[in-house]
$ cat entry.txt   # compact mmCIF, C-alpha atoms and all ligand atoms
# COMPACT_ATOMS: atom_id res chain seq x y z
CA MET A 209 0.00 0.00 0.00
CA PRO A 210 1.55 3.31 -0.97
CA GLU A 211 2.01 5.76 1.90
CA LEU A 212 2.52 9.51 1.83
CA PRO A 213 6.09 9.59 0.40
CA GLU A 214 5.13 7.29 -2.47
CA VAL A 215 2.05 9.40 -3.29
CA GLU A 216 4.13 12.60 -3.04
CA ILE A 217 6.60 11.15 -5.56
CA VAL A 218 3.71 10.46 -7.96
CA ARG A 219 2.45 14.04 -7.37
CA ARG A 220 5.86 15.46 -8.28
CA GLY A 221 5.90 13.37 -11.44
CA LEU A 222 2.45 14.63 -12.44
CA GLU A 223 3.54 18.19 -11.72
CA GLN A 224 6.50 17.74 -14.02
CA HIS A 225 4.79 15.91 -16.87
CA VAL A 226 1.09 16.86 -16.91
CA VAL A 227 0.59 20.37 -15.49
CA GLY A 228 -0.10 23.03 -18.12
CA ARG A 229 -1.34 20.48 -20.68
CA THR A 230 -4.86 20.27 -22.09
CA ILE A 231 -6.78 17.00 -21.95
CA ASP A 232 -7.87 15.66 -25.33
CA GLU A 233 -9.55 12.30 -24.81
CA VAL A 234 -10.39 10.31 -21.69
CA GLN A 235 -10.88 6.59 -22.28
CA PRO A 236 -12.48 4.71 -19.38
CA LEU A 237 -11.32 1.10 -19.81
CA HIS A 238 -12.74 -0.42 -16.62
CA PRO A 239 -15.86 0.92 -14.85
CA ARG A 240 -14.62 -0.05 -11.37
CA ALA A 241 -11.91 2.63 -11.47
CA LEU A 242 -14.66 5.26 -11.84
CA ARG A 243 -17.13 3.84 -9.27
CA ARG A 244 -16.78 6.98 -7.13
CA HIS A 245 -17.80 9.15 -10.08
CA LEU A 246 -21.52 8.58 -9.59
CA ALA A 247 -22.59 10.14 -12.91
CA GLY A 248 -20.73 7.34 -14.71
CA PRO A 249 -17.71 6.88 -16.99
CA GLY A 250 -19.25 8.75 -19.93
CA ASP A 251 -19.88 11.83 -17.82
CA PHE A 252 -16.35 11.61 -16.38
CA ALA A 253 -14.82 11.55 -19.86
CA ALA A 254 -17.02 14.35 -21.21
CA ALA A 255 -16.38 16.59 -18.20
CA LEU A 256 -12.61 16.40 -18.60
CA ARG A 257 -12.33 16.78 -22.38
CA GLY A 258 -10.68 20.08 -23.35
CA ARG A 259 -9.77 21.05 -19.77
CA GLN A 260 -6.32 22.35 -18.88
CA VAL A 261 -4.54 20.83 -15.87
CA SER A 262 -3.37 23.73 -13.70
CA GLY A 263 -1.64 21.90 -10.84
CA ALA A 264 -0.90 18.63 -9.03
CA ARG A 265 -1.89 18.58 -5.36
CA ARG A 266 -2.00 16.09 -2.51
CA ARG A 267 -3.50 15.63 0.92
CA GLY A 268 -2.49 12.45 2.73
CA LYS A 269 -2.78 9.68 0.18
CA TYR A 270 -5.16 11.55 -2.14
CA LEU A 271 -4.00 13.35 -5.27
CA TRP A 272 -5.88 15.87 -7.32
CA LEU A 273 -5.32 17.75 -10.57
CA PRO A 274 -7.19 21.07 -10.62
CA VAL A 275 -8.97 21.69 -13.96
CA GLY A 276 -10.60 25.12 -13.86
CA ASP A 277 -12.68 25.22 -10.65
CA ASP A 278 -13.00 21.43 -10.59
CA ALA A 279 -10.54 18.66 -9.83
CA LEU A 280 -9.64 15.22 -11.09
CA LEU A 281 -9.38 13.37 -7.77
CA ALA A 282 -7.38 10.15 -7.47
CA HIS A 283 -6.63 7.54 -4.84
CA LEU A 284 -4.08 4.86 -5.71
CA GLY A 285 -5.59 2.24 -3.40
CA MET A 286 -3.35 -0.82 -2.96
CA SER A 287 -1.71 -0.96 -6.36
CA GLY A 288 -2.68 2.11 -8.41
CA GLN A 289 -0.08 3.61 -10.73
CA MET A 290 -0.07 6.88 -12.66
CA LEU A 291 2.12 6.25 -15.67
CA VAL A 292 3.27 8.87 -18.16
CA GLY A 293 4.80 7.75 -21.43
CA ASP A 294 4.81 7.41 -25.20
CA PRO A 295 1.16 7.31 -26.28
CA ALA A 296 2.02 4.60 -28.84
CA ARG A 297 3.31 2.10 -26.28
CA PRO A 298 1.26 -1.09 -25.83
CA LEU A 299 -1.71 -0.89 -23.47
CA SER A 300 -1.23 -3.19 -20.47
CA PRO A 301 -4.35 -5.11 -19.33
CA HIS A 302 -4.20 -3.32 -15.94
CA VAL A 303 -4.74 0.17 -17.42
CA ARG A 304 -8.16 1.35 -16.16
CA VAL A 305 -8.27 4.88 -17.59
CA ARG A 306 -6.19 6.46 -20.34
CA ILE A 307 -5.93 10.22 -20.79
CA THR A 308 -4.41 11.80 -23.90
CA PHE A 309 -3.46 15.44 -24.38
CA THR A 310 -4.02 17.88 -27.22
CA ASP A 311 -0.24 18.29 -27.74
CA SER A 312 -0.05 14.57 -28.74
CA GLY A 313 2.78 14.19 -26.21
CA PRO A 314 3.08 11.54 -23.48
CA ASP A 315 -0.26 10.15 -22.27
CA LEU A 316 -1.34 9.45 -18.68
CA ARG A 317 -2.45 5.94 -17.76
CA PHE A 318 -4.10 4.94 -14.51
CA SER A 319 -3.12 1.32 -14.04
CA ASP A 320 -4.40 -0.68 -11.08
CA GLN A 321 -3.96 -4.44 -10.79
CA ARG A 322 -6.00 -4.91 -7.59
CA THR A 323 -8.64 -2.28 -8.52
CA PHE A 324 -8.95 -0.68 -5.07
CA GLY A 325 -7.91 2.71 -6.48
CA HIS A 326 -10.32 5.17 -8.05
CA LEU A 327 -10.65 8.40 -10.01
CA SER A 328 -13.52 10.90 -9.96
CA LEU A 329 -14.27 14.46 -10.94
CA ALA A 330 -14.87 16.68 -7.89
CA ALA A 331 -17.00 19.67 -8.95
CA GLY A 332 -15.66 22.88 -7.41
CA GLY A 333 -12.77 20.90 -5.90
CA ALA A 334 -9.77 22.75 -7.31
CA VAL A 335 -8.66 24.09 -3.89
CA LEU A 336 -9.78 21.14 -1.74
CA PRO A 337 -12.15 18.47 -3.12
CA ALA A 338 -15.26 18.01 -0.94
CA PRO A 339 -14.90 14.19 -0.70
CA ILE A 340 -11.60 14.62 1.18
CA ALA A 341 -12.35 17.79 3.17
CA HIS A 342 -12.75 15.68 6.36
CA ILE A 343 -9.19 14.35 6.07
CA ALA A 344 -6.74 16.10 8.36
CA PRO A 345 -3.70 17.91 6.90
CA ASP A 346 -0.61 15.72 6.65
CA PRO A 347 2.73 16.48 8.34
CA LEU A 348 4.28 17.82 5.13
CA GLU A 349 1.55 20.42 4.50
CA THR A 350 1.92 24.03 5.64
CA ALA A 351 -1.64 23.68 7.05
CA PHE A 352 -0.34 21.07 9.54
CA ASP A 353 -0.64 22.61 13.03
CA LEU A 354 1.67 20.75 15.43
CA ALA A 355 0.32 22.42 18.58
CA ALA A 356 -3.30 21.61 17.69
CA VAL A 357 -2.48 18.02 16.69
CA THR A 358 -0.47 17.54 19.91
CA ALA A 359 -3.40 18.73 21.99
CA ARG A 360 -5.78 16.39 20.19
CA ILE A 361 -3.44 13.40 20.53
CA ARG A 362 -2.98 14.08 24.24
CA GLY A 363 -6.76 14.22 24.58
CA ARG A 364 -7.15 10.64 23.34
CA ARG A 365 -7.21 7.54 25.47
CA THR A 366 -5.61 5.36 22.83
CA GLY A 367 -2.26 3.86 21.92
CA ILE A 368 0.05 6.29 20.10
CA LYS A 369 0.35 4.16 16.95
CA ARG A 370 -3.43 3.96 16.65
CA ALA A 371 -3.54 7.78 16.95
CA LEU A 372 -0.87 8.18 14.23
CA LEU A 373 -2.93 6.02 11.85
CA ASP A 374 -6.16 7.98 12.53
CA GLN A 375 -6.65 10.00 9.31
CA SER A 376 -8.99 12.44 11.10
CA LEU A 377 -6.11 13.47 13.43
CA VAL A 378 -3.26 13.47 10.94
CA SER A 379 -3.26 12.04 7.43
CA GLY A 380 -0.76 10.16 5.33
CA ILE A 381 0.90 7.99 7.99
CA GLY A 382 0.49 4.25 7.47
CA ASN A 383 1.88 1.14 9.10
CA ILE A 384 5.41 1.33 7.70
CA TYR A 385 6.22 4.94 8.53
CA ALA A 386 4.41 4.79 11.91
CA ASP A 387 6.69 1.95 13.03
CA GLU A 388 9.80 3.68 11.70
CA ALA A 389 8.98 7.04 13.34
CA LEU A 390 8.11 5.41 16.70
CA TRP A 391 11.46 3.57 16.62
CA ARG A 392 13.34 6.82 15.98
CA ALA A 393 11.48 8.54 18.80
CA ARG A 394 12.05 5.50 21.08
CA LEU A 395 8.36 5.15 21.81
CA HIS A 396 6.54 1.82 22.12
CA TRP A 397 3.47 1.66 19.84
CA ALA A 398 1.10 1.00 22.76
CA ARG A 399 2.16 4.05 24.82
CA GLU A 400 -0.99 5.84 25.86
CA SER A 401 -1.40 9.12 23.92
CA GLN A 402 -2.76 10.86 26.99
CA MET A 403 0.41 10.11 28.97
CA LEU A 404 2.88 11.57 26.44
CA ARG A 405 4.48 14.92 27.17
CA PRO A 406 4.13 17.63 24.46
CA GLY A 407 7.89 17.37 23.85
CA GLN A 408 7.58 13.65 23.15
CA VAL A 409 4.81 14.26 20.61
CA ALA A 410 6.89 17.01 18.96
CA ALA A 411 9.89 14.65 18.79
CA LEU A 412 7.67 11.96 17.26
CA PHE A 413 6.49 14.30 14.49
CA ALA A 414 10.07 15.41 13.88
CA SER A 415 10.82 11.69 13.38
CA VAL A 416 7.84 11.32 11.03
CA ARG A 417 9.16 14.21 8.90
CA GLU A 418 12.71 12.77 8.90
CA VAL A 419 11.51 9.34 7.79
CA PHE A 420 9.35 10.90 5.06
CA ALA A 421 12.24 13.08 3.84
CA GLU A 422 14.63 10.13 3.66
CA SER A 423 12.07 8.01 1.86
CA LEU A 424 11.38 10.80 -0.65
CA SER A 425 15.06 11.07 -1.45
CA ALA A 426 15.21 7.28 -1.97
CA GLY A 427 12.21 7.38 -4.32
CA GLY A 428 9.85 5.79 -1.76
CA THR A 429 9.36 2.28 -0.48
CA THR A 430 8.11 -0.70 -2.40
CA PHE A 431 7.68 -4.30 -1.35
CA ASP A 432 5.94 -5.84 -4.31
CA ARG A 433 7.01 -3.65 -7.25
CA LEU A 434 3.43 -2.37 -7.49
CA TYR A 435 4.23 1.10 -6.29
CA VAL A 436 6.13 3.04 -8.98
CA ASN A 437 6.71 6.66 -9.97
CA VAL A 438 5.15 8.12 -13.15
CA ASN A 439 8.04 6.69 -15.18
CA GLY A 440 7.42 3.16 -13.88
CA GLN A 441 10.45 3.08 -11.57
CA SER A 442 10.26 1.92 -7.95
CA GLY A 443 12.08 3.37 -4.95
CA TYR A 444 14.53 1.64 -2.64
CA TYR A 445 13.79 3.04 0.82
CA GLU A 446 12.87 -0.46 2.10
CA ARG A 447 16.63 -1.09 2.28
CA SER A 448 16.86 1.66 4.92
CA LEU A 449 13.99 0.52 7.14
CA ALA A 450 15.09 0.02 10.76
CA VAL A 451 12.30 -2.18 12.13
CA TYR A 452 9.38 -2.55 9.70
CA GLY A 453 9.30 -6.08 8.24
CA ARG A 454 12.52 -7.00 10.11
CA ALA A 455 11.31 -9.31 12.91
CA GLY A 456 14.26 -11.14 14.50
CA LEU A 457 16.89 -9.00 12.73
CA PRO A 458 19.13 -6.73 14.84
CA CYS A 459 17.98 -3.22 15.79
CA PRO A 460 20.34 -0.85 13.89
CA ARG A 461 20.82 1.18 17.11
CA CYS A 462 21.37 -1.43 19.82
CA GLY A 463 21.49 -4.85 18.13
CA ALA A 464 18.54 -6.39 20.02
CA PRO A 465 16.36 -8.57 17.76
CA VAL A 466 13.36 -6.63 16.38
CA ARG A 467 10.05 -7.75 17.85
CA ARG A 468 6.77 -8.19 15.96
CA ASP A 469 3.45 -7.87 17.78
CA PRO A 470 -0.04 -8.36 16.37
CA PHE A 471 -1.66 -4.95 15.84
CA MET A 472 -5.10 -4.20 14.32
CA ASN A 473 -5.03 -7.37 12.11
CA ARG A 474 -1.54 -6.43 11.00
CA SER A 475 1.79 -6.11 12.80
CA ALA A 476 3.73 -3.61 14.85
CA PHE A 477 7.53 -3.85 14.66
CA SER A 478 9.67 -2.38 17.42
CA CYS A 479 12.92 -2.78 19.35
CA PRO A 480 12.41 -4.44 22.75
CA ARG A 481 15.32 -2.47 24.23
CA CYS A 482 14.94 1.00 22.63
CA GLN A 483 11.12 0.93 22.87
CA PRO A 484 10.22 -0.77 26.17
CA ARG A 485 6.61 -1.80 26.65
CA PRO A 486 4.62 0.67 28.73
CA ARG A 487 3.96 -0.40 32.30
CA VAL A 488 0.39 -1.44 32.89
CA ARG A 489 -1.17 1.07 35.27
CA PRO A 490 -2.74 -0.47 38.38
ZN ZN B 501 17.24 -1.02 19.80

$ encode --input "entry.txt" --output "structure tokens"
Amino acid sequence: MPELPEVEIVRRGLEQHVVGRTIDEVQPLHPRALRRHLAGPGDFAAALRGRQVSGARRRGKYLWLPVGDDALLAHLGMSGQMLVGDPARPLSPHVRVRITFTDSGPDLRFSDQRTFGHLSLAAGGAVLPAPIAHIAPDPLETAFDLAAVTARIRGRRTGIKRALLDQSLVSGIGNIYADEALWRARLHWARESQMLRPGQVAALFASVREVFAESLSAGGTTFDRLYVNVNGQSGYYERSLAVYGRAGLPCPRCGAPVRRDPFMNRSAFSCPRCQPRPRVRP
């Protein structure tokens, strides 16, 4: 599942290759990719024809391309890819929507093997599409307010990892980067949010930003070659992960074997020495 750095890399690719160009044709190739566009694939295609893309924006794991006052809104789901390339190249069977431009240059293909991703047109959504207005700003946005988020986190009676994954508190952080940031900040995933000092929350978000920045410079993380940038290349940040997916391997800081605990039907990876379990309160 792509997380914020992977989606940001796709956004940068779209900014470089698509912004300023005018859409010629939109070919819906699989209706499931447009299930969130309730007026149907034909309406989606007609609404985008002839529109100029004026930007490439992101909040959390959502991307949008403003077209006039409206926006082409996209979520990559588990395996979605935005691919830019020679319009004459063969069409892979996983391409769900193909968009060509009036300049006859590289086309844009939304490819999605597992079909959890989706595209839609958000009317009036150029600044912030209504379907994602409830999603909190992510830690890389200027709208992210550390003091307000800290207060909200410290008001929750929940484990800190659960709070980090709550997209209504802060968006864009998934399982991989939550585990990596908690390891850097030396916090166990089950530490109660309410019991953290403001300085500990600030240090945790500094770790989140560090992990994101390092992943961005490595082109993101991929485990199954499904996440790629707009040129079809995958990143290599998984080689730098300290704890995620490394159960039994040595902690890069202290050498203790990384521990894996069950967590919300998935796993939490941590160092038993650097991130001691919280004491159970009597
Ligand atoms: Zn350690």

$ atom_distance --input "entry.txt" --atom1 "atom CA of A:Gly443" --atom2 "atom CA of A:Ala241"
24.9 Å

$ residues_near_ligand --input "entry.txt" --ligand "ligand ZN 501 (chain B)" --cutoff "7 Å" --atoms "only C-alpha atoms and all ligand atoms" --output "ChimeraX atom specification"
/A:459-464,479-482

$ residues_around --input "entry.txt" --residues "A:Gly428" --least-positions-apart "5" --cutoff "7 Å" --atoms "all atoms listed in the file" --output "MDAnalysis selection string"
chainID A and resid 213:214 423 443:445

$ closest_residue --input "entry.txt" --among "A:Trp397, A:Tyr452, A:Tyr435, A:Tyr385" --to "A:Phe471" --atoms "only C-alpha atoms"
A:Trp397

$ atom_distance --input "entry.txt" --atom1 "atom CA of A:Ile231" --atom2 "atom CA of A:Pro249"
15.7 Å

$ residues_near_point --input "entry.txt" --point "(-17.8, 8.5, -15.1)" --cutoff "12 Å" --atoms "only C-alpha atoms" --output "PDB file with C-alpha atoms, in the frame of the given file"
ATOM      1  CA  VAL A 234     -10.390  10.310 -21.690  1.00  0.00           C
ATOM      2  CA  GLN A 235     -10.880   6.590 -22.280  1.00  0.00           C
ATOM      3  CA  PRO A 236     -12.480   4.710 -19.380  1.00  0.00           C
ATOM      4  CA  LEU A 237     -11.320   1.100 -19.810  1.00  0.00           C
ATOM      5  CA  HIS A 238     -12.740  -0.420 -16.620  1.00  0.00           C
ATOM      6  CA  PRO A 239     -15.860   0.920 -14.850  1.00  0.00           C
ATOM      7  CA  ARG A 240     -14.620  -0.050 -11.370  1.00  0.00           C
ATOM      8  CA  ALA A 241     -11.910   2.630 -11.470  1.00  0.00           C
ATOM      9  CA  LEU A 242     -14.660   5.260 -11.840  1.00  0.00           C
ATOM     10  CA  ARG A 243     -17.130   3.840  -9.270  1.00  0.00           C
ATOM     11  CA  ARG A 244     -16.780   6.980  -7.130  1.00  0.00           C
ATOM     12  CA  HIS A 245     -17.800   9.150 -10.080  1.00  0.00           C
ATOM     13  CA  LEU A 246     -21.520   8.580  -9.590  1.00  0.00           C
ATOM     14  CA  ALA A 247     -22.590  10.140 -12.910  1.00  0.00           C
ATOM     15  CA  GLY A 248     -20.730   7.340 -14.710  1.00  0.00           C
ATOM     16  CA  PRO A 249     -17.710   6.880 -16.990  1.00  0.00           C
ATOM     17  CA  GLY A 250     -19.250   8.750 -19.930  1.00  0.00           C
ATOM     18  CA  ASP A 251     -19.880  11.830 -17.820  1.00  0.00           C
ATOM     19  CA  PHE A 252     -16.350  11.610 -16.380  1.00  0.00           C
ATOM     20  CA  ALA A 253     -14.820  11.550 -19.860  1.00  0.00           C
ATOM     21  CA  ALA A 254     -17.020  14.350 -21.210  1.00  0.00           C
ATOM     22  CA  ALA A 255     -16.380  16.590 -18.200  1.00  0.00           C
ATOM     23  CA  LEU A 256     -12.610  16.400 -18.600  1.00  0.00           C
ATOM     24  CA  LEU A 280      -9.640  15.220 -11.090  1.00  0.00           C
ATOM     25  CA  VAL A 305      -8.270   4.880 -17.590  1.00  0.00           C
ATOM     26  CA  HIS A 326     -10.320   5.170  -8.050  1.00  0.00           C
ATOM     27  CA  LEU A 327     -10.650   8.400 -10.010  1.00  0.00           C
ATOM     28  CA  SER A 328     -13.520  10.900  -9.960  1.00  0.00           C
ATOM     29  CA  LEU A 329     -14.270  14.460 -10.940  1.00  0.00           C
ATOM     30  CA  ALA A 330     -14.870  16.680  -7.890  1.00  0.00           C
TER      31      ALA A 330
END

$ closest_residue --input "entry.txt" --among "A:Gly453, A:Pro339, A:Gly427, A:Pro274" --to "A:Pro210" --atoms "only C-alpha atoms"
A:Gly427

$ closest_residue --input "entry.txt" --among "A:Pro298, A:Gly325, A:Gly333, A:Gly313" --to "A:Asp278" --atoms "all atoms listed in the file"
A:Gly333

$ atom_distance --input "entry.txt" --atom1 "atom CA of A:Asp315" --atom2 "atom CA of A:Asn437"
14.6 Å

$ residues_around --input "entry.txt" --residues "A:Met286" --least-positions-apart "6" --cutoff "10 Å" --atoms "only C-alpha atoms" --output "PDB file with C-alpha atoms, in the coordinates of the input"
ATOM      1  CA  MET A 209       0.000   0.000   0.000  1.00  0.00           C
ATOM      2  CA  PRO A 210       1.550   3.310  -0.970  1.00  0.00           C
ATOM      3  CA  GLU A 211       2.010   5.760   1.900  1.00  0.00           C
ATOM      4  CA  ASP A 320      -4.400  -0.680 -11.080  1.00  0.00           C
ATOM      5  CA  GLN A 321      -3.960  -4.440 -10.790  1.00  0.00           C
ATOM      6  CA  ARG A 322      -6.000  -4.910  -7.590  1.00  0.00           C
ATOM      7  CA  THR A 323      -8.640  -2.280  -8.520  1.00  0.00           C
ATOM      8  CA  PHE A 324      -8.950  -0.680  -5.070  1.00  0.00           C
ATOM      9  CA  GLY A 325      -7.910   2.710  -6.480  1.00  0.00           C
ATOM     10  CA  LEU A 434       3.430  -2.370  -7.490  1.00  0.00           C
ATOM     11  CA  TYR A 435       4.230   1.100  -6.290  1.00  0.00           C
TER      12      TYR A 435
END

$ closest_residue --input "entry.txt" --among "A:Leu372, A:Val215, A:Leu390, A:Arg399" --to "A:Gly285" --atoms "only C-alpha atoms"
A:Val215

$ residues_around --input "entry.txt" --residues "A:Gln441" --least-positions-apart "5" --cutoff "12 Å" --atoms "only C-alpha atoms" --output "ChimeraX atom specification"
/A:214,217-218,221,289-292,426-430,433-436

$ build_atoms --input "entry.txt" --residues "stretch 232-256 of chain A" --atoms "N, CA, C and O atoms" --output "PDB file, keeping the file's coordinate frame"
ATOM      1  N   ASP A 232      -7.178  15.892 -24.058  1.00  0.00           N
ATOM      2  CA  ASP A 232      -7.870  15.660 -25.330  1.00  0.00           C
ATOM      3  C   ASP A 232      -8.963  14.616 -25.118  1.00  0.00           C
ATOM      4  O   ASP A 232     -10.128  14.953 -25.000  1.00  0.00           O
ATOM      5  N   GLU A 233      -8.556  13.361 -24.989  1.00  0.00           N
ATOM      6  CA  GLU A 233      -9.550  12.300 -24.810  1.00  0.00           C
ATOM      7  C   GLU A 233      -9.338  11.588 -23.483  1.00  0.00           C
ATOM      8  O   GLU A 233      -8.209  11.438 -23.027  1.00  0.00           O
ATOM      9  N   VAL A 234     -10.439  11.147 -22.891  1.00  0.00           N
ATOM     10  CA  VAL A 234     -10.390  10.310 -21.690  1.00  0.00           C
ATOM     11  C   VAL A 234     -11.064   8.990 -22.061  1.00  0.00           C
ATOM     12  O   VAL A 234     -12.224   8.979 -22.470  1.00  0.00           O
ATOM     13  N   GLN A 235     -10.321   7.906 -21.958  1.00  0.00           N
ATOM     14  CA  GLN A 235     -10.880   6.590 -22.280  1.00  0.00           C
ATOM     15  C   GLN A 235     -11.046   5.780 -21.005  1.00  0.00           C
ATOM     16  O   GLN A 235     -10.060   5.278 -20.465  1.00  0.00           O
ATOM     17  N   PRO A 236     -12.278   5.615 -20.521  1.00  0.00           N
ATOM     18  CA  PRO A 236     -12.480   4.710 -19.380  1.00  0.00           C
ATOM     19  C   PRO A 236     -12.416   3.274 -19.902  1.00  0.00           C
ATOM     20  O   PRO A 236     -13.117   2.909 -20.838  1.00  0.00           O
ATOM     21  N   LEU A 237     -11.511   2.468 -19.315  1.00  0.00           N
ATOM     22  CA  LEU A 237     -11.320   1.100 -19.810  1.00  0.00           C
ATOM     23  C   LEU A 237     -11.888   0.068 -18.842  1.00  0.00           C
ATOM     24  O   LEU A 237     -11.999  -1.095 -19.173  1.00  0.00           O
ATOM     25  N   HIS A 238     -12.203   0.499 -17.615  1.00  0.00           N
ATOM     26  CA  HIS A 238     -12.740  -0.420 -16.620  1.00  0.00           C
ATOM     27  C   HIS A 238     -13.645   0.388 -15.687  1.00  0.00           C
ATOM     28  O   HIS A 238     -13.172   1.322 -15.038  1.00  0.00           O
ATOM     29  N   PRO A 239     -14.945   0.057 -15.612  1.00  0.00           N
ATOM     30  CA  PRO A 239     -15.860   0.920 -14.850  1.00  0.00           C
ATOM     31  C   PRO A 239     -15.528   1.009 -13.362  1.00  0.00           C
ATOM     32  O   PRO A 239     -15.831   2.012 -12.713  1.00  0.00           O
ATOM     33  N   ARG A 240     -14.872  -0.042 -12.800  1.00  0.00           N
ATOM     34  CA  ARG A 240     -14.620  -0.050 -11.370  1.00  0.00           C
ATOM     35  C   ARG A 240     -13.725   1.107 -10.923  1.00  0.00           C
ATOM     36  O   ARG A 240     -13.861   1.636  -9.818  1.00  0.00           O
ATOM     37  N   ALA A 241     -12.817   1.525 -11.811  1.00  0.00           N
ATOM     38  CA  ALA A 241     -11.910   2.630 -11.470  1.00  0.00           C
ATOM     39  C   ALA A 241     -12.673   3.940 -11.302  1.00  0.00           C
ATOM     40  O   ALA A 241     -12.186   4.872 -10.662  1.00  0.00           O
ATOM     41  N   LEU A 242     -13.886   4.017 -11.880  1.00  0.00           N
ATOM     42  CA  LEU A 242     -14.660   5.260 -11.840  1.00  0.00           C
ATOM     43  C   LEU A 242     -15.915   5.111 -10.985  1.00  0.00           C
ATOM     44  O   LEU A 242     -16.857   5.901 -11.094  1.00  0.00           O
ATOM     45  N   ARG A 243     -15.923   4.102 -10.083  1.00  0.00           N
ATOM     46  CA  ARG A 243     -17.130   3.840  -9.270  1.00  0.00           C
ATOM     47  C   ARG A 243     -17.482   5.006  -8.364  1.00  0.00           C
ATOM     48  O   ARG A 243     -18.643   5.173  -7.994  1.00  0.00           O
ATOM     49  N   ARG A 244     -16.479   5.830  -7.994  1.00  0.00           N
ATOM     50  CA  ARG A 244     -16.780   6.980  -7.130  1.00  0.00           C
ATOM     51  C   ARG A 244     -17.308   8.169  -7.921  1.00  0.00           C
ATOM     52  O   ARG A 244     -17.745   9.154  -7.343  1.00  0.00           O
ATOM     53  N   HIS A 245     -17.224   8.082  -9.258  1.00  0.00           N
ATOM     54  CA  HIS A 245     -17.800   9.150 -10.080  1.00  0.00           C
ATOM     55  C   HIS A 245     -19.233   8.718 -10.405  1.00  0.00           C
ATOM     56  O   HIS A 245     -19.474   7.975 -11.364  1.00  0.00           O
ATOM     57  N   LEU A 246     -20.180   9.166  -9.582  1.00  0.00           N
ATOM     58  CA  LEU A 246     -21.520   8.580  -9.590  1.00  0.00           C
ATOM     59  C   LEU A 246     -22.262   8.813 -10.896  1.00  0.00           C
ATOM     60  O   LEU A 246     -23.144   8.038 -11.260  1.00  0.00           O
ATOM     61  N   ALA A 247     -21.901   9.863 -11.640  1.00  0.00           N
ATOM     62  CA  ALA A 247     -22.590  10.140 -12.910  1.00  0.00           C
ATOM     63  C   ALA A 247     -22.124   9.206 -14.025  1.00  0.00           C
ATOM     64  O   ALA A 247     -22.668   9.261 -15.129  1.00  0.00           O
ATOM     65  N   GLY A 248     -21.127   8.357 -13.741  1.00  0.00           N
ATOM     66  CA  GLY A 248     -20.730   7.340 -14.710  1.00  0.00           C
ATOM     67  C   GLY A 248     -19.532   7.709 -15.567  1.00  0.00           C
ATOM     68  O   GLY A 248     -19.159   8.885 -15.668  1.00  0.00           O
ATOM     69  N   PRO A 249     -18.930   6.679 -16.193  1.00  0.00           N
ATOM     70  CA  PRO A 249     -17.710   6.880 -16.990  1.00  0.00           C
ATOM     71  C   PRO A 249     -17.880   7.856 -18.153  1.00  0.00           C
ATOM     72  O   PRO A 249     -16.960   8.629 -18.442  1.00  0.00           O
ATOM     73  N   GLY A 250     -19.036   7.847 -18.788  1.00  0.00           N
ATOM     74  CA  GLY A 250     -19.250   8.750 -19.930  1.00  0.00           C
ATOM     75  C   GLY A 250     -19.223  10.198 -19.490  1.00  0.00           C
ATOM     76  O   GLY A 250     -18.624  11.062 -20.144  1.00  0.00           O
ATOM     77  N   ASP A 251     -19.866  10.462 -18.363  1.00  0.00           N
ATOM     78  CA  ASP A 251     -19.880  11.830 -17.820  1.00  0.00           C
ATOM     79  C   ASP A 251     -18.476  12.264 -17.419  1.00  0.00           C
ATOM     80  O   ASP A 251     -18.056  13.402 -17.665  1.00  0.00           O
ATOM     81  N   PHE A 252     -17.736  11.336 -16.798  1.00  0.00           N
ATOM     82  CA  PHE A 252     -16.350  11.610 -16.380  1.00  0.00           C
ATOM     83  C   PHE A 252     -15.517  12.039 -17.589  1.00  0.00           C
ATOM     84  O   PHE A 252     -14.823  13.064 -17.560  1.00  0.00           O
ATOM     85  N   ALA A 253     -15.610  11.267 -18.662  1.00  0.00           N
ATOM     86  CA  ALA A 253     -14.820  11.550 -19.860  1.00  0.00           C
ATOM     87  C   ALA A 253     -15.227  12.890 -20.484  1.00  0.00           C
ATOM     88  O   ALA A 253     -14.372  13.708 -20.845  1.00  0.00           O
ATOM     89  N   ALA A 254     -16.538  13.120 -20.571  1.00  0.00           N
ATOM     90  CA  ALA A 254     -17.020  14.350 -21.210  1.00  0.00           C
ATOM     91  C   ALA A 254     -16.635  15.582 -20.398  1.00  0.00           C
ATOM     92  O   ALA A 254     -16.289  16.631 -20.952  1.00  0.00           O
ATOM     93  N   ALA A 255     -16.665  15.442 -19.060  1.00  0.00           N
ATOM     94  CA  ALA A 255     -16.380  16.590 -18.200  1.00  0.00           C
ATOM     95  C   ALA A 255     -14.915  17.008 -18.258  1.00  0.00           C
ATOM     96  O   ALA A 255     -14.588  18.161 -17.988  1.00  0.00           O
ATOM     97  N   LEU A 256     -14.041  16.080 -18.606  1.00  0.00           N
ATOM     98  CA  LEU A 256     -12.610  16.400 -18.600  1.00  0.00           C
ATOM     99  C   LEU A 256     -12.082  16.829 -19.972  1.00  0.00           C
ATOM    100  O   LEU A 256     -11.031  17.464 -20.066  1.00  0.00           O
TER     101      LEU A 256
END
